[in-house]
>>> print(open('structure-v1.cif').read())   # mmCIF, C-alpha atoms and all ligand atoms
data_coords
#
loop_
_atom_site.label_atom_id
_atom_site.label_comp_id
_atom_site.auth_asym_id
_atom_site.auth_seq_id
_atom_site.Cartn_x
_atom_site.Cartn_y
_atom_site.Cartn_z
CA MET M 23 68.85 92.36 85.48
CA ARG M 24 66.74 90.13 83.25
CA GLY M 25 66.26 86.33 83.20
CA THR M 26 64.97 83.78 85.65
CA PRO M 27 66.18 83.97 89.26
CA LEU M 28 68.19 80.77 88.65
CA ALA M 29 69.94 82.23 85.58
CA ARG M 30 70.60 85.43 87.51
CA SER M 31 72.17 83.68 90.45
CA LEU M 32 74.18 81.44 88.10
CA SER M 33 75.65 84.42 86.29
CA LEU M 34 76.40 86.00 89.66
CA VAL M 35 78.28 82.86 90.71
CA VAL M 36 80.22 82.82 87.39
CA ALA M 37 81.12 86.50 87.74
CA LEU M 38 82.22 85.95 91.33
CA ALA M 39 84.35 82.94 90.34
CA ALA M 40 85.98 84.96 87.54
CA LEU M 41 86.73 87.76 89.99
CA LEU M 42 88.24 85.33 92.51
CA ALA M 43 90.35 83.68 89.80
CA LEU M 44 91.60 87.08 88.71
CA ALA M 45 92.40 88.04 92.28
CA GLY M 46 94.21 84.70 92.66
CA CYS M 47 96.30 85.37 89.58
CA VAL M 48 97.22 88.81 90.78
CA GLN M 49 98.11 87.51 94.22
CA LEU M 50 100.15 84.60 92.90
CA GLY M 51 101.83 86.90 90.44
CA TRP M 52 100.73 84.83 87.48
CA ASP M 53 102.49 86.02 84.35
CA ASP M 54 101.78 84.16 81.12
CA ARG M 55 104.43 85.98 79.10
CA SER M 56 107.35 83.80 78.06
CA LEU M 57 110.16 83.59 80.57
CA TYR M 58 112.35 85.40 78.02
CA VAL M 59 110.02 88.40 78.05
CA GLN M 60 109.68 88.31 81.84
CA LEU M 61 113.45 88.46 82.14
CA GLY M 62 113.55 91.63 80.05
CA GLU M 63 114.56 89.96 76.77
CA LYS M 64 118.22 90.01 75.73
CA PRO M 65 119.15 93.28 77.53
CA GLY M 66 117.57 91.98 80.76
CA ILE M 67 119.36 88.66 80.42
CA ASP M 68 122.71 90.36 79.73
CA GLN M 69 122.23 92.46 82.84
CA LEU M 70 121.33 89.39 84.88
CA VAL M 71 124.38 87.50 83.62
CA ASP M 72 126.65 90.43 84.49
CA ARG M 73 125.30 90.60 88.00
CA PHE M 74 125.43 86.82 88.37
CA ILE M 75 129.09 86.70 87.33
CA ARG M 76 129.86 89.43 89.86
CA GLU M 77 128.19 87.29 92.54
CA LEU M 78 130.20 84.23 91.43
CA ALA M 79 133.45 86.19 91.58
CA ARG M 80 132.67 87.19 95.17
CA ASP M 81 131.66 83.74 96.30
CA GLU M 82 134.56 82.18 98.17
CA ARG M 83 132.91 78.77 98.01
CA ILE M 84 133.17 78.46 94.23
CA ARG M 85 135.17 81.35 92.79
CA GLY M 86 138.19 79.06 92.48
CA HIS M 87 136.41 77.15 89.71
CA PHE M 88 136.32 80.23 87.54
CA GLN M 89 139.92 81.32 88.04
CA GLY M 90 141.82 81.58 84.79
CA ILE M 91 138.89 80.99 82.45
CA ASP M 92 137.81 83.32 79.67
CA ILE M 93 135.15 85.30 81.55
CA ARG M 94 134.07 87.24 78.46
CA ARG M 95 133.29 83.99 76.72
CA LEU M 96 131.46 82.64 79.78
CA ARG M 97 129.35 85.81 79.94
CA GLU M 98 128.49 85.60 76.26
CA GLN M 99 127.76 81.89 76.20
CA LEU M 100 125.72 81.98 79.39
CA ALA M 101 123.60 84.81 78.00
CA PHE M 102 122.97 82.87 74.76
CA TYR M 103 122.17 79.78 76.78
CA LEU M 104 119.65 81.54 79.05
CA CYS M 105 118.16 83.41 76.12
CA GLU M 106 117.51 80.21 74.19
CA ARG M 107 116.31 78.19 77.17
CA SER M 108 113.88 80.90 78.27
CA GLY M 109 112.20 80.89 74.87
CA GLY M 110 114.12 83.73 73.22
CA PRO M 111 115.32 83.93 69.63
CA CYS M 112 119.03 83.24 70.37
CA ARG M 113 120.93 80.05 69.65
CA TYR M 114 123.40 78.63 72.15
CA GLU M 115 126.05 77.01 70.04
CA GLY M 116 128.44 75.95 72.77
CA ALA M 117 129.01 72.34 73.72
CA PRO M 118 126.34 70.48 75.71
CA LEU M 119 126.56 71.30 79.44
CA ARG M 120 127.64 67.77 80.30
CA GLU M 121 130.65 68.14 78.05
CA VAL M 122 131.48 71.68 79.21
CA HIS M 123 131.53 70.67 82.86
CA ARG M 124 133.09 67.25 82.50
CA HIS M 125 136.28 66.98 84.59
CA LEU M 126 135.60 70.31 86.35
CA GLY M 127 134.80 68.36 89.51
CA VAL M 128 131.60 70.29 90.26
CA SER M 129 130.00 68.99 93.46
CA GLU M 130 126.38 69.21 94.55
CA ALA M 131 127.42 71.86 97.10
CA ASP M 132 129.06 73.88 94.28
CA PHE M 133 125.86 73.63 92.27
CA ASN M 134 123.76 74.81 95.21
CA ALA M 135 126.15 77.70 95.86
CA LEU M 136 125.84 78.80 92.24
CA VAL M 137 122.05 78.66 92.47
CA GLU M 138 122.19 80.87 95.57
CA ASP M 139 124.33 83.36 93.66
CA LEU M 140 121.84 83.37 90.82
CA ILE M 141 119.02 84.05 93.28
CA ASP M 142 121.03 86.90 94.82
CA ALA M 143 121.59 88.37 91.35
CA MET M 144 117.86 88.14 90.57
CA GLU M 145 116.93 89.64 93.94
CA GLY M 146 119.36 92.48 93.31
CA LEU M 147 117.60 93.23 90.04
CA ASP M 148 114.12 92.95 91.55
CA VAL M 149 113.15 90.03 89.35
CA PRO M 150 109.68 88.96 90.59
CA THR M 151 109.65 85.75 92.61
CA PRO M 152 107.46 83.75 90.16
CA THR M 153 109.91 84.62 87.36
CA GLN M 154 112.82 83.58 89.57
CA ASN M 155 111.08 80.28 90.30
CA GLU M 156 110.42 79.66 86.62
CA LEU M 157 114.09 80.14 85.77
CA LEU M 158 115.24 77.97 88.68
CA ALA M 159 112.83 75.21 87.68
CA LEU M 160 114.25 75.33 84.17
CA LEU M 161 117.82 74.99 85.40
CA ALA M 162 117.30 72.44 88.17
CA PRO M 163 117.32 69.39 85.85
CA GLU M 164 120.74 70.47 84.53
CA GLN M 165 122.22 69.40 87.83
CA VAL M 166 122.63 65.82 86.60
CA GLU M 167 124.55 67.10 83.57
CA ILE M 168 126.90 69.29 85.59
CA VAL M 169 127.56 67.68 88.95
CA GLU M 170 130.24 65.01 88.94
CA PRO M 171 128.81 61.73 90.23
CA ARG M 172 130.20 60.92 93.65
CA ARG M 173 132.34 57.83 93.82
CA ALA M 174 131.45 55.34 96.49
CA TRP M 175 134.12 55.32 99.23
CA TRP M 176 135.10 51.71 98.57
CA ARG M 177 136.03 52.32 94.92
C1 LIG M 201 122.51 75.42 86.11
C2 LIG M 201 123.80 75.59 86.35
C3 LIG M 201 124.81 75.91 85.27
C4 LIG M 201 124.63 76.33 83.98
C5 LIG M 201 123.33 76.61 83.24
C6 LIG M 201 125.96 76.50 83.41
C7 LIG M 201 126.19 76.94 82.12
C8 LIG M 201 127.45 77.14 81.57
C9 LIG M 201 127.70 77.63 80.24
C10 LIG M 201 126.62 77.98 79.22
C11 LIG M 201 129.03 77.70 80.10
C12 LIG M 201 129.78 78.22 78.85
C13 LIG M 201 130.15 77.10 77.92
C14 LIG M 201 131.04 77.54 76.81
O1 LIG M 201 131.99 78.30 77.04
O2 LIG M 201 130.80 77.09 75.70
C15 LIG M 201 129.63 77.27 81.34
C16 LIG M 201 130.98 77.21 81.57
C17 LIG M 201 131.53 76.96 82.79
N1 LIG M 201 130.89 76.56 83.93
FE1 LIG M 201 128.92 76.32 84.12
N2 LIG M 201 126.90 76.17 84.36
C18 LIG M 201 126.24 75.82 85.50
C19 LIG M 201 126.81 75.40 86.69
C20 LIG M 201 128.14 75.47 86.97
C21 LIG M 201 128.73 75.22 88.27
C22 LIG M 201 127.94 74.80 89.53
C23 LIG M 201 130.07 75.42 88.15
C24 LIG M 201 131.12 75.32 89.20
C25 LIG M 201 130.97 75.75 90.41
C26 LIG M 201 130.33 75.79 86.77
C27 LIG M 201 131.55 76.07 86.24
C28 LIG M 201 131.80 76.43 84.94
C29 LIG M 201 133.14 76.76 84.43
C30 LIG M 201 134.44 76.75 85.22
C31 LIG M 201 132.96 77.07 83.08
C32 LIG M 201 134.04 77.51 82.08
C33 LIG M 201 134.64 76.31 81.39
C34 LIG M 201 135.74 76.74 80.46
O3 LIG M 201 135.66 77.81 79.84
O4 LIG M 201 136.68 75.98 80.33
N3 LIG M 201 129.14 75.81 86.09
N4 LIG M 201 128.65 76.92 82.23
#
>>> encode(input="structure-v1.cif", output="structure tokens")
Amino acid sequence: MRGTPLARSLSLVVALAALLALAGCVQLGWDDRSLYVQLGEKPGIDQLVDRFIRELARDERIRGHFQGIDIRRLREQLAFYLCERSGGPCRYEGAPLREVHRHLGVSEADFNALVEDLIDAMEGLDVPTPTQNELLALLAPEQVEIVEPRRAWWR
């Protein structure tokens, strides 16, 4: 190696830092591809939605909400929604979520149950945890659009 001892040790430190950062990324499962790509693009999202709807149908806590609705439409719209939100090329052209869920009486517990079902679906498809977390973080703020505000007991 050429250069002064100081330059040599500096480049050693830089190389070591780069190596540690790389190891950190690998360990944390860093993936800088778009969420859409991580989810397997449209085919991956369709598969996830299928599995998710199967989980919902099995879930005694919330399956009642979905009785009698057009499941084919839900599957299609949900896939468009997730595709668009994850950075894919699709367009969700349904009504805003607040409108869709208005008067459905969705509680916070219902919302949490649905999130658990989504996690089960992702686990079942071996979606890596960082990808799962990215999708959950994207959906979490929708809670205020979907959950019906609780009335105070005195009203
Ligand atoms: C992050 C959470 C949620 C997302 C992203 C979401 C998204 C959607 C989308 C995209 C649709 C289709 C809209 C359309 O047909 O145009 C839909 C419909 C529906 N959602 Fe959700 N939803 C969520 C949570 C929930 C929860 C917690 C419940 C109840 C437990 C629920 C119950 C329903 C029902 C019953 C429909 C069908 C409405 C109908 O066709 O009349 N959703 N949702």
>>> residues_near_point(input="structure-v1.cif", point="(127.8, 76.3, 96.5)", cutoff="10 Å", atoms="all atoms listed in the file", output="ChimeraX atom specification")
/M:78,81-85,128-139
>>> residues_near_point(input="structure-v1.cif", point="(134.1, 85.8, 83.4)", cutoff="10 Å", atoms="all atoms listed in the file", output="list in words")
Val71, Asp72, Ile75, Arg76, Leu78, Ala79, Phe88, Gln89, Gly90, Ile91, Asp92, Ile93, Arg94, Arg95, Leu96, Arg97 and Glu98 of chain M
>>> axis_aligned_box(input="structure-v1.cif", around="region 96-114 of chain M", padding_each_side="3 Å", output="lines of an AutoDock Vina configuration file")
center_x = 121.8
center_y = 82.0
center_z = 74.8
size_x = 25.3
size_y = 13.6
size_z = 16.3
>>> closest_residue(input="structure-v1.cif", among="M:Val149, M:Leu119, M:Leu140, M:Leu70", to="Val166 (chain M)", atoms="only C-alpha atoms")
M:Leu119
>>> closest_residue(input="structure-v1.cif", among="M:Arg173, M:Arg107, M:Arg55, M:His87", to="ligand LIG 201 (chain M)", atoms="all atoms listed in the file")
M:His87
>>> residues_around(input="structure-v1.cif", residues="Glu63 (chain M)", least_positions_apart="6", cutoff="9 Å", atoms="only C-alpha atoms", output="VMD selection string")
chain M and resid 57 105 110
>>> closest_residue(input="structure-v1.cif", among="M:Ile67, M:Ala159, M:Ala174, M:Val169", to="Arg124 (chain M)", atoms="all atoms listed in the file")
M:Val169
>>> residues_around(input="structure-v1.cif", residues="Arg113 (chain M)", least_positions_apart="4", cutoff="8 Å", atoms="only C-alpha atoms", output="list in words")
Phe102, Tyr103, Cys105 and Glu106 of chain M
>>> atom_distance(input="structure-v1.cif", atom1="CA of Ile141 (chain M)", atom2="CA of His125 (chain M)")
25.8 Å
>>> closest_residue(input="structure-v1.cif", among="M:Gly127, M:Gly86, M:Gly116, M:Pro150", to="ligand LIG 201 (chain M)", atoms="only C-alpha atoms and all ligand atoms")
M:Gly116
>>> closest_residue(input="structure-v1.cif", among="M:Gln165, M:Ser108, M:Thr153, M:Ser56", to="ligand LIG 201 (chain M)", atoms="only C-alpha atoms and all ligand atoms")
M:Gln165
>>> atom_distance(input="structure-v1.cif", atom1="CA of Ala101 (chain M)", atom2="CA of Asp68 (chain M)")
5.9 Å
>>> atom_distance(input="structure-v1.cif", atom1="CA of Pro171 (chain M)", atom2="atom C25 of ligand LIG 201 (chain M)")
14.2 Å
>>> closest_residue(input="structure-v1.cif", among="M:Glu170, M:Gln99, M:Leu160, M:Gly109", to="His123 (chain M)", atoms="only C-alpha atoms")
M:Glu170
